[in-house]
Amino acid sequence: MADTATPGTEVVDPANWSCPAPLRDQPVVVMGHGGGGALSAELIEQVFAPAYGNPVLAALTDSAVLDLGGARLAFSTDSYVVRPLFFPGGSLGDLAVNGTVNDLAMSGARPAYLSTAFVLEEGVELEVVGRVARAVGAAAKAAGVTVATGDTKVVESGHGDGVYVTTAGVGLVPDGVDIRPQRARPGDAVIVSGPIGLHGVAVMSVREGLEFGVEITSDTAPLADLVAAMLAVTKDIHVLRDPTRGGLGASLNEIARASGTGVRLRERALPVPEEVQNACGFLGLDPLYVANEGRLVAFVPPEHAEAVLAAMRAHPRGAGAALIGECVADHPGMVVVATGLGGTRVVDLPLGEQLPRIC
Amino acid sequence: MKYIDEFNDPELARRLLDEIGATVTRPWALMEVCGGQTHSIIRHGIDQLLPDKVELIHGPGCPVCVTPLEVIDKALDIAARPEVIFCSFGDMLRVPGTDRDLFRVKGEGGDVRVVYSPLDALDLARKNPDRQVVFFAIGFETTAPANAMAVHQARRLGLANFSLLVSHVRVPPAIEAIMTAPECRVQGFLAAGHVCSVMGTAEYPGLADRHRVPIVVTGFEPLDILEGIRRAVHQLERGEHRVENAYPRAVREEGNPAALRMLEDVFEVTDRNWRGIGRIPASGWRLSDAYRAYDAEHRFDVTGIRTEEPAVCRAGEVLQGLIRPTECEAFGKACTPRTPLGATMVSSEGACAAYYLYRRMTAPAPQGTPAGQVPQTPQVPQIPHEEMNPVG
C-alpha cells in the first residue's frame, strides 16, 4: 500500500516487486494485528483512525485525558481475551480490572469507576462465570474502584473462548500533572518498577503446557497507588506506561517515536528474572517483548530520579524498581541497548506476536 | 541468572577478546554455520568487539531460510484444505510462499497451529481421528530425530491420520558445497554445536582435511562463540586444520546414538534443494520406504507447483557467505521484516533479520541510500494503541 506509507519512509510500488509475499497487503486479520507491535499500529492507522480520528485520540496515551465540567478526567477501555481464563498468579477477572486501572494510572489519574461487559459463550459453566465475576469484584476492591455499570451478551457455542470481558474506566487527573509520551526529554531517567516478562511467561506456561521447572506467576496488579507515591515526590513525571502487549520493547519504542527522542538501555540493568530468562532462551523469545500486567516504565527528570526511585522501592508494587537507562538526543525515535559484553544493538518495535523459534 | 551469566561474563569475554587480538597477525574469514550463532553474534555485539582482522561470515544454517519456496507452497496448499490440521513451529508461519504465508491461510480459515514439538502434533492426531494432522518437518540434524520419533510413534500407535511434510537438510554437505564454490572466502568454520550434539563429529575430519580448514564445534552463548573464534584463529595462525570440540558440555564425538538410530530407521539421505542456494547432493533426508505412508507429499496431491524467486533478493548469496546482508540493494528498503523479499529477512535466525533488527544504526548504507542515512522502519502512527491483549 504505497499510498499509505508514512512520510519519510521508502515508498515501494508493489507492481514493481517480484516479492513472493508483500505481507503488508494482508487482506484479512491475522493474529499479529493483536500483538501490540507494528501490525497493531497499522490496523489503527489504516482502519480505526480514518473512521473516527480526532485530536483526543491522537495523543498516544494509554488513557485519554478529557476536560469535562471543570474536571480533568482520564478515560480508557480495554478488552480481555486471555486463554486460559485462570493462570498462575491471576485470572481474566484480575486482568480486566488491573489493565484498565493501570491505563488510567498511566495518565497520573486516580481511578474511580469501572464498567464491565461480559461476552459469554454458550455452554460455559456458570461456576466459571462466577469465578471470573468474583475475581473482578475482588480486584476492583483491591484497586479501590467501583464497578458502576455493566452488560452481558451470549454468543453461540464455538463463537468465543468461553468468556471475554471488556472494561472501561474513569478517574481524576490531579492538577499540575501532565503525563504523556510526548514529554520524554533527553536526560530523563528510564525506570522500570520491577522484574519484567513474568505475566507473558506465566500465561504461556499454562496455555502451551510448557513446564519450566519452576512455577512462574503473573505480575498482574493495580498500579495507581504506586503512581500516587511517585507523584507525591514530584508532579513533574514526564511519561508513564504499562508495558503490556509487546512488552517493554514496544512501549519504549512508542515513547521514543512519540517524543522524537532516543532511548538507551543497559542490558545488565534490566530486571529479567532467571526463570523468565531461561523460558525465553528455551522458546527463542526476547524478554523485552514479553507482556507484563503489573509493571510500569517511567521517564523522570534526572533531578528527581533518585527520589522517585526511592519512593518506588518503598512501595510494595515497586520494590524491585530499577534504573535501566536514559532518554538521549542521539538516534531519535530509536531504542538501543548496550549489551553486557560492550556492544550495542537496536531494540525494534516488534512486528506482531513473537514466534517461538524452531531450534 | 547463574546459568546464563556464566556464559555472558564480560570479564571472561574481554580476556578471550584480548587473546584473539594478541594472536591474530593477518586477516581471517570465519563462517559460523548456524543461524542461532549468527543471531547471538549480532544480538550481543560480538562482531563489533572483534579485531578488524577477524571477519565473521554468516552461513546457511537457518532452517527456516533454506526451506525451498516449492515446499512452502506445498505447505500452504495442504494447510488450506478443510480436512487438515496443519502444525508447524512458530517461525515458519510468516515465511512467504509465492503469494501468501501460513498466517494468511490461518486468517482465511485454515486450521494452522503452532506446536512446540512434533509429539504435540501426534497428540492432536490422536485426539482428532476424523482429521488429517500434518506436521511441517523442517530443519537440520537438530530437529530431525524428534520428527523421526513422531513418525515412529504414529506407526506404533496405528495412527493413519498423521503425516510429515519433510524438508530436512544436513550441514556437512552444505559446508562441502560452500568450500567448493569458486568464490569461497571462508578459511575456517564454527560448526553448529546443536547439530554435533546429535550427529557427533565423525563427518568433519574429512572436510577439514580436504579443504584445509579448521572446524571448531561451537556453542551459542557469547563465551562459547568467542572461544570457538579463539581456537579457529589459533589454528589458522599456526597453519593447522583440525576438528576441535569447543562445546564439550553438549557434544561427544559419537553424538547421540539413540537419536542416530531413530534417524537411520525412519529417514534416508537424499538430494535436497536449498532455498537461495540450489540443489546440494546428499544434503537432506526423506522418509524411508518403510515409512512412505506417512509422507504428506504422497498423501496429498501437491504436484505441479511452479515457483519463482524474486529477482532482486540476494538471500542466496547471503546464505553462502558471499555478501553481507547490507550489501543487498533491497536491504532495509524494499526488504524489511515487515515486507520480506527472502526468508533470511523473515526468520529470527536469518542473517538479514538479525542485521535489520540489531544493526541498523551501524550498518553501512545499502546502495541507493544516501550515505549516512540509516534505513528506517516504517514509522508508527501517532495514535494510541488499543489494548486488545492476547495474553492479558
# chains A, B, ... in the order shown; residues from 1 in each chain; ligands from 1
>>> select_by_dssp(residues="segment 92-310 of chain A", states="strand (DSSP E)", output="PyMOL selection string")
chain A and resi 110-121+146-155+163-172+189-192+239-241+262-266+297-300
>>> residues_around(residues="Asp295 of chain B", least_positions_apart="3", cutoff="10 Å", atoms="only C-alpha atoms", output="list of chain:residue names")
B:Val134, B:Phe135, B:Val151, B:Phe162, B:Ser163, B:Leu164, B:Leu165, B:Val166, B:Arg286, B:Leu287, B:Ser288, B:Asp289, B:Tyr291, B:Arg292, B:His298, B:Arg299, B:Phe300
>>> write_last_selection(atoms="all heavy atoms", output="compact mmCIF listing (two decimals), in the first residue's frame")
# COMPACT_ATOMS: atom_id res chain seq x y z
N VAL B 134 -1.00 -32.82 9.81
CA VAL B 134 0.25 -32.77 9.07
C VAL B 134 1.25 -31.91 9.84
O VAL B 134 0.92 -30.77 10.23
CB VAL B 134 0.04 -32.17 7.66
CG1 VAL B 134 1.35 -32.16 6.88
CG2 VAL B 134 -1.02 -32.96 6.90
N PHE B 135 2.44 -32.42 10.07
CA PHE B 135 3.48 -31.63 10.73
C PHE B 135 4.53 -31.23 9.71
O PHE B 135 5.01 -32.05 8.93
CB PHE B 135 4.13 -32.43 11.87
CG PHE B 135 5.20 -31.65 12.58
CD1 PHE B 135 4.85 -30.59 13.41
CD2 PHE B 135 6.53 -31.93 12.40
CE1 PHE B 135 5.83 -29.84 14.05
CE2 PHE B 135 7.52 -31.19 13.04
CZ PHE B 135 7.15 -30.14 13.87
N VAL B 151 7.01 -39.99 13.79
CA VAL B 151 6.52 -40.93 12.78
C VAL B 151 6.59 -42.37 13.30
O VAL B 151 5.68 -43.17 13.12
CB VAL B 151 7.35 -40.79 11.47
CG1 VAL B 151 7.02 -41.91 10.51
CG2 VAL B 151 7.07 -39.45 10.83
N PHE B 162 -1.85 -39.18 10.50
CA PHE B 162 -0.70 -38.32 10.80
C PHE B 162 0.33 -38.45 9.68
O PHE B 162 0.59 -39.55 9.19
CB PHE B 162 -0.05 -38.76 12.13
CG PHE B 162 1.14 -37.94 12.52
CD1 PHE B 162 0.98 -36.69 13.08
CD2 PHE B 162 2.43 -38.42 12.33
CE1 PHE B 162 2.08 -35.92 13.44
CE2 PHE B 162 3.54 -37.67 12.69
CZ PHE B 162 3.36 -36.41 13.25
N SER B 163 0.88 -37.31 9.27
CA SER B 163 1.94 -37.36 8.25
C SER B 163 2.87 -36.17 8.42
O SER B 163 2.55 -35.19 9.10
CB SER B 163 1.34 -37.37 6.85
OG SER B 163 0.53 -36.23 6.64
N LEU B 164 4.05 -36.27 7.79
CA LEU B 164 5.04 -35.19 7.81
C LEU B 164 5.21 -34.62 6.41
O LEU B 164 5.26 -35.37 5.44
CB LEU B 164 6.42 -35.73 8.24
CG LEU B 164 6.63 -36.32 9.62
CD1 LEU B 164 8.11 -36.66 9.80
CD2 LEU B 164 6.18 -35.36 10.70
N LEU B 165 5.31 -33.30 6.34
CA LEU B 165 5.81 -32.67 5.12
C LEU B 165 7.30 -32.42 5.38
O LEU B 165 7.66 -31.54 6.18
CB LEU B 165 5.07 -31.36 4.85
CG LEU B 165 5.55 -30.57 3.63
CD1 LEU B 165 5.40 -31.39 2.35
CD2 LEU B 165 4.79 -29.25 3.50
N VAL B 166 8.14 -33.20 4.76
CA VAL B 166 9.55 -33.24 5.14
C VAL B 166 10.41 -32.33 4.27
O VAL B 166 10.31 -32.36 3.04
CB VAL B 166 10.11 -34.68 5.05
CG1 VAL B 166 11.58 -34.72 5.47
CG2 VAL B 166 9.30 -35.62 5.91
N ARG B 286 14.72 -37.82 3.53
CA ARG B 286 13.30 -38.05 3.26
C ARG B 286 12.91 -39.31 4.01
O ARG B 286 13.78 -40.06 4.48
CB ARG B 286 13.07 -38.23 1.76
CG ARG B 286 13.70 -39.49 1.20
CD ARG B 286 13.40 -39.64 -0.28
NE ARG B 286 14.21 -40.74 -0.83
CZ ARG B 286 14.55 -40.84 -2.09
NH1 ARG B 286 14.17 -39.91 -2.96
NH2 ARG B 286 15.25 -41.86 -2.52
N LEU B 287 11.61 -39.52 4.13
CA LEU B 287 11.15 -40.72 4.83
C LEU B 287 11.56 -41.95 4.03
O LEU B 287 11.46 -41.96 2.80
CB LEU B 287 9.62 -40.66 4.99
CG LEU B 287 9.15 -39.65 6.05
CD1 LEU B 287 7.69 -39.28 5.82
CD2 LEU B 287 9.34 -40.21 7.45
N SER B 288 12.04 -42.96 4.73
CA SER B 288 12.46 -44.17 4.04
C SER B 288 11.22 -44.94 3.54
O SER B 288 10.09 -44.64 3.94
CB SER B 288 13.29 -45.04 4.98
OG SER B 288 12.50 -45.39 6.09
N ASP B 289 11.46 -45.92 2.67
CA ASP B 289 10.35 -46.65 2.05
C ASP B 289 9.38 -47.21 3.08
O ASP B 289 8.17 -47.17 2.89
CB ASP B 289 10.90 -47.78 1.18
CG ASP B 289 11.47 -47.24 -0.13
OD1 ASP B 289 11.14 -46.08 -0.46
OD2 ASP B 289 12.26 -47.95 -0.78
N TYR B 291 8.40 -46.03 5.72
CA TYR B 291 7.54 -45.01 6.33
C TYR B 291 6.89 -44.09 5.28
O TYR B 291 6.35 -43.04 5.62
CB TYR B 291 8.34 -44.16 7.34
CG TYR B 291 8.74 -44.93 8.56
CD1 TYR B 291 9.93 -45.63 8.61
CD2 TYR B 291 7.91 -44.97 9.68
CE1 TYR B 291 10.30 -46.36 9.73
CE2 TYR B 291 8.28 -45.68 10.81
CZ TYR B 291 9.47 -46.38 10.83
OH TYR B 291 9.83 -47.08 11.95
N ARG B 292 6.97 -44.48 4.04
CA ARG B 292 6.48 -43.61 2.96
C ARG B 292 5.00 -43.23 3.16
O ARG B 292 4.56 -42.17 2.76
CB ARG B 292 6.69 -44.32 1.61
CG ARG B 292 6.57 -43.44 0.37
CD ARG B 292 7.50 -42.23 0.36
NE ARG B 292 8.89 -42.48 0.69
CZ ARG B 292 9.82 -42.91 -0.16
NH1 ARG B 292 9.51 -43.15 -1.40
NH2 ARG B 292 11.06 -43.08 0.22
N HIS B 298 2.97 -37.63 -0.45
CA HIS B 298 2.32 -38.78 -1.07
C HIS B 298 0.83 -38.80 -0.75
O HIS B 298 0.01 -39.18 -1.56
CB HIS B 298 2.97 -40.09 -0.59
CG HIS B 298 4.30 -40.32 -1.20
ND1 HIS B 298 4.51 -41.17 -2.26
CD2 HIS B 298 5.51 -39.78 -0.92
CE1 HIS B 298 5.79 -41.15 -2.60
NE2 HIS B 298 6.41 -40.31 -1.79
N ARG B 299 0.52 -38.37 0.47
CA ARG B 299 -0.88 -38.44 0.91
C ARG B 299 -1.74 -37.38 0.22
O ARG B 299 -2.91 -37.59 -0.05
CB ARG B 299 -0.93 -38.25 2.43
CG ARG B 299 -2.26 -38.53 3.03
CD ARG B 299 -2.18 -38.66 4.53
NE ARG B 299 -1.36 -39.80 4.95
CZ ARG B 299 -1.29 -40.24 6.19
NH1 ARG B 299 -2.00 -39.66 7.13
NH2 ARG B 299 -0.52 -41.26 6.52
N PHE B 300 -1.15 -36.22 -0.03
CA PHE B 300 -1.93 -35.13 -0.64
C PHE B 300 -1.33 -34.83 -2.02
O PHE B 300 -0.12 -34.87 -2.19
CB PHE B 300 -1.86 -33.86 0.21
CG PHE B 300 -2.35 -34.07 1.60
CD1 PHE B 300 -1.48 -34.41 2.62
CD2 PHE B 300 -3.70 -33.96 1.89
CE1 PHE B 300 -1.92 -34.63 3.91
CE2 PHE B 300 -4.16 -34.18 3.18
CZ PHE B 300 -3.28 -34.51 4.19
>>> residues_around(residues="segment 191-198 of chain A", least_positions_apart="6", cutoff="8 Å", atoms="only C-alpha atoms", output="JSON, numbers by chain")
{"A": [216, 217, 218, 219, 247, 248, 270, 271, 272, 273, 276, 287, 288, 289, 290, 291, 292, 295, 296, 297, 298, 299, 300, 309, 312, 317, 318, 319, 320, 321, 322, 323, 324, 325]}
>>> closest_residue(among="A:Asp78, A:Glu127, A:Glu121, A:Asp67", to="chain B", atoms="only C-alpha atoms")
A:Asp78
>>> residues_around(residues="Leu122 of chain B", least_positions_apart="3", cutoff="8 Å", atoms="only C-alpha atoms", output="list in words")
Pro118, Leu119, Ala125, Arg126, Val133, Ala150, Ala154 and Phe162 of chain B
>>> closest_residue(among="A:Asn102, A:Leu252, A:Ala329, A:Gly246", to="Gly32 of chain A", atoms="only C-alpha atoms")
A:Gly246
>>> select_by_dssp(residues="segment 181-339 of chain A", states="helix (DSSP H, G or I)", output="VMD selection string")
chain A and resid 181 to 183 198 to 207 224 to 233 247 to 259 267 to 269 274 to 283 287 to 289 302 to 313 316 to 318
>>> closest_residue(among="A:Ser107, A:Thr220, A:Thr167, A:Ser251", to="Val190 of chain A", atoms="only C-alpha atoms")
A:Ser251
>>> residues_around(residues="segment 38-50 of chain B", least_positions_apart="5", cutoff="8 Å", atoms="only C-alpha atoms", output="ChimeraX atom specification")
/A:339-345 /B:17,20-21,32,55-56,58,220-222,225-226,348-351,354-355,358-359
>>> write_last_selection(atoms="C-alpha atoms", output="mmCIF file, in the first residue's frame")
data_model
loop_
_atom_site.group_PDB
_atom_site.id
_atom_site.type_symbol
_atom_site.label_atom_id
_atom_site.label_comp_id
_atom_site.auth_asym_id
_atom_site.auth_seq_id
_atom_site.Cartn_x
_atom_site.Cartn_y
_atom_site.Cartn_z
ATOM 1 C CA THR A 339 24.905 -5.338 25.596
ATOM 2 C CA GLY A 340 26.514 -6.959 28.585
ATOM 3 C CA LEU A 341 29.662 -7.573 26.554
ATOM 4 C CA GLY A 342 30.027 -3.959 25.465
ATOM 5 C CA GLY A 343 28.388 -3.921 22.026
ATOM 6 C CA THR A 344 25.180 -2.163 21.102
ATOM 7 C CA ARG A 345 22.042 -3.283 19.324
ATOM 8 C CA LEU B 17 38.959 -10.926 23.019
ATOM 9 C CA ILE B 20 42.257 -13.262 19.976
ATOM 10 C CA GLY B 21 43.686 -9.772 19.411
ATOM 11 C CA GLU B 32 29.570 -19.512 11.676
ATOM 12 C CA GLU B 55 35.770 -11.287 9.793
ATOM 13 C CA LEU B 56 32.688 -13.357 10.533
ATOM 14 C CA HIS B 58 27.263 -15.811 8.127
ATOM 15 C CA PHE B 220 25.662 -20.455 21.211
ATOM 16 C CA GLU B 221 26.310 -18.280 24.237
ATOM 17 C CA PRO B 222 28.701 -15.336 23.826
ATOM 18 C CA ILE B 225 31.345 -18.217 20.355
ATOM 19 C CA LEU B 226 34.406 -16.256 21.442
ATOM 20 C CA SER B 348 14.503 -14.786 13.675
ATOM 21 C CA GLU B 349 17.680 -16.686 12.866
ATOM 22 C CA GLY B 350 18.081 -15.174 9.408
ATOM 23 C CA ALA B 351 21.181 -13.064 8.880
ATOM 24 C CA ALA B 354 19.487 -10.016 12.599
ATOM 25 C CA TYR B 355 21.234 -7.138 10.822
ATOM 26 C CA TYR B 358 20.120 -5.059 15.692
ATOM 27 C CA ARG B 359 22.496 -3.268 13.356
#
>>> residues_around(residues="Ala139 of chain A", least_positions_apart="4", cutoff="12 Å", atoms="only C-alpha atoms", output="PyMOL selection string")
chain A and resi 90-101+114+132-135+143-147+220-223
>>> write_last_selection(atoms="N, CA, C and O atoms", output="short mmCIF file (atom, residue, chain, number, x, y, z; two decimals), in the first residue's frame")
data_model
loop_
_atom_site.label_atom_id
_atom_site.label_comp_id
_atom_site.auth_asym_id
_atom_site.auth_seq_id
_atom_site.Cartn_x
_atom_site.Cartn_y
_atom_site.Cartn_z
N GLY A 90 -3.06 -15.20 38.67
CA GLY A 90 -4.15 -14.31 38.30
C GLY A 90 -5.20 -14.97 37.45
O GLY A 90 -5.21 -16.19 37.26
N SER A 91 -6.10 -14.14 36.91
CA SER A 91 -7.19 -14.65 36.09
C SER A 91 -7.65 -13.53 35.15
O SER A 91 -7.23 -12.38 35.27
N LEU A 92 -8.54 -13.92 34.25
CA LEU A 92 -9.13 -12.94 33.34
C LEU A 92 -9.73 -11.76 34.12
O LEU A 92 -9.60 -10.60 33.72
N GLY A 93 -10.39 -12.08 35.23
CA GLY A 93 -11.04 -11.03 36.02
C GLY A 93 -10.04 -10.02 36.58
O GLY A 93 -10.26 -8.81 36.54
N ASP A 94 -8.92 -10.53 37.08
CA ASP A 94 -7.88 -9.61 37.59
C ASP A 94 -7.36 -8.71 36.48
O ASP A 94 -7.19 -7.51 36.65
N LEU A 95 -7.08 -9.33 35.32
CA LEU A 95 -6.54 -8.54 34.20
C LEU A 95 -7.52 -7.46 33.78
O LEU A 95 -7.13 -6.33 33.49
N ALA A 96 -8.82 -7.83 33.74
CA ALA A 96 -9.82 -6.89 33.23
C ALA A 96 -9.91 -5.65 34.11
O ALA A 96 -10.16 -4.55 33.62
N VAL A 97 -9.69 -5.82 35.40
CA VAL A 97 -9.71 -4.66 36.30
C VAL A 97 -8.35 -3.96 36.27
O VAL A 97 -8.26 -2.75 36.03
N ASN A 98 -7.29 -4.72 36.51
CA ASN A 98 -5.97 -4.09 36.64
C ASN A 98 -5.54 -3.41 35.35
O ASN A 98 -4.89 -2.37 35.37
N GLY A 99 -5.87 -4.00 34.22
CA GLY A 99 -5.47 -3.42 32.94
C GLY A 99 -6.03 -2.02 32.76
O GLY A 99 -5.30 -1.08 32.42
N THR A 100 -7.32 -1.87 33.02
CA THR A 100 -7.94 -0.55 32.84
C THR A 100 -7.53 0.42 33.95
O THR A 100 -7.25 1.60 33.69
N VAL A 101 -7.46 -0.09 35.16
CA VAL A 101 -6.97 0.75 36.27
C VAL A 101 -5.58 1.30 35.93
O VAL A 101 -5.28 2.49 36.12
N LEU A 114 -15.50 1.84 37.15
CA LEU A 114 -15.32 0.93 36.00
C LEU A 114 -16.67 0.47 35.48
O LEU A 114 -17.64 0.39 36.23
N VAL A 132 -14.96 -15.79 37.50
CA VAL A 132 -14.43 -14.59 36.83
C VAL A 132 -15.03 -13.34 37.48
O VAL A 132 -14.33 -12.37 37.78
N ALA A 133 -16.36 -13.38 37.71
CA ALA A 133 -17.04 -12.21 38.30
C ALA A 133 -16.48 -11.91 39.70
O ALA A 133 -16.24 -10.75 40.05
N ARG A 134 -16.28 -12.97 40.48
CA ARG A 134 -15.74 -12.74 41.83
C ARG A 134 -14.33 -12.17 41.76
O ARG A 134 -13.95 -11.32 42.56
N ALA A 135 -13.57 -12.63 40.77
CA ALA A 135 -12.22 -12.08 40.60
C ALA A 135 -12.28 -10.60 40.23
O ALA A 135 -11.47 -9.79 40.73
N ALA A 143 -8.14 -2.50 44.10
CA ALA A 143 -7.66 -1.31 43.37
C ALA A 143 -8.36 -0.04 43.83
O ALA A 143 -8.01 1.06 43.37
N GLY A 144 -9.38 -0.18 44.67
CA GLY A 144 -10.10 0.99 45.17
C GLY A 144 -11.02 1.63 44.14
O GLY A 144 -11.23 2.84 44.15
N VAL A 145 -11.58 0.81 43.23
CA VAL A 145 -12.50 1.34 42.23
C VAL A 145 -13.86 0.66 42.38
O VAL A 145 -13.96 -0.44 42.92
N THR A 146 -14.90 1.32 41.89
CA THR A 146 -16.26 0.80 41.96
C THR A 146 -16.72 0.38 40.58
O THR A 146 -16.57 1.15 39.61
N VAL A 147 -17.27 -0.85 40.48
CA VAL A 147 -17.87 -1.27 39.21
C VAL A 147 -19.27 -0.68 39.16
O VAL A 147 -20.17 -1.12 39.87
N THR A 220 0.32 -9.55 37.53
CA THR A 220 -0.84 -8.65 37.43
C THR A 220 -1.13 -7.96 38.77
O THR A 220 -1.20 -8.60 39.82
N ALA A 221 -1.29 -6.65 38.72
CA ALA A 221 -1.50 -5.86 39.94
C ALA A 221 -1.95 -4.45 39.55
O ALA A 221 -1.58 -3.97 38.48
N PRO A 222 -2.72 -3.79 40.44
CA PRO A 222 -3.07 -2.39 40.18
C PRO A 222 -1.91 -1.48 40.55
O PRO A 222 -1.24 -1.71 41.55
N LEU A 223 -1.70 -0.44 39.76
CA LEU A 223 -0.51 0.40 39.95
C LEU A 223 -0.83 1.84 40.36
O LEU A 223 0.06 2.67 40.47
#
>>> closest_residue(among="A:Pro301, A:Pro350, A:Gly130, A:Gly187", to="chain B", atoms="only C-alpha atoms")
A:Pro350
>>> atom_distance(atom1="atom CA of Ala13 of chain B", atom2="atom CA of Thr326 of chain B")
26.8 Å
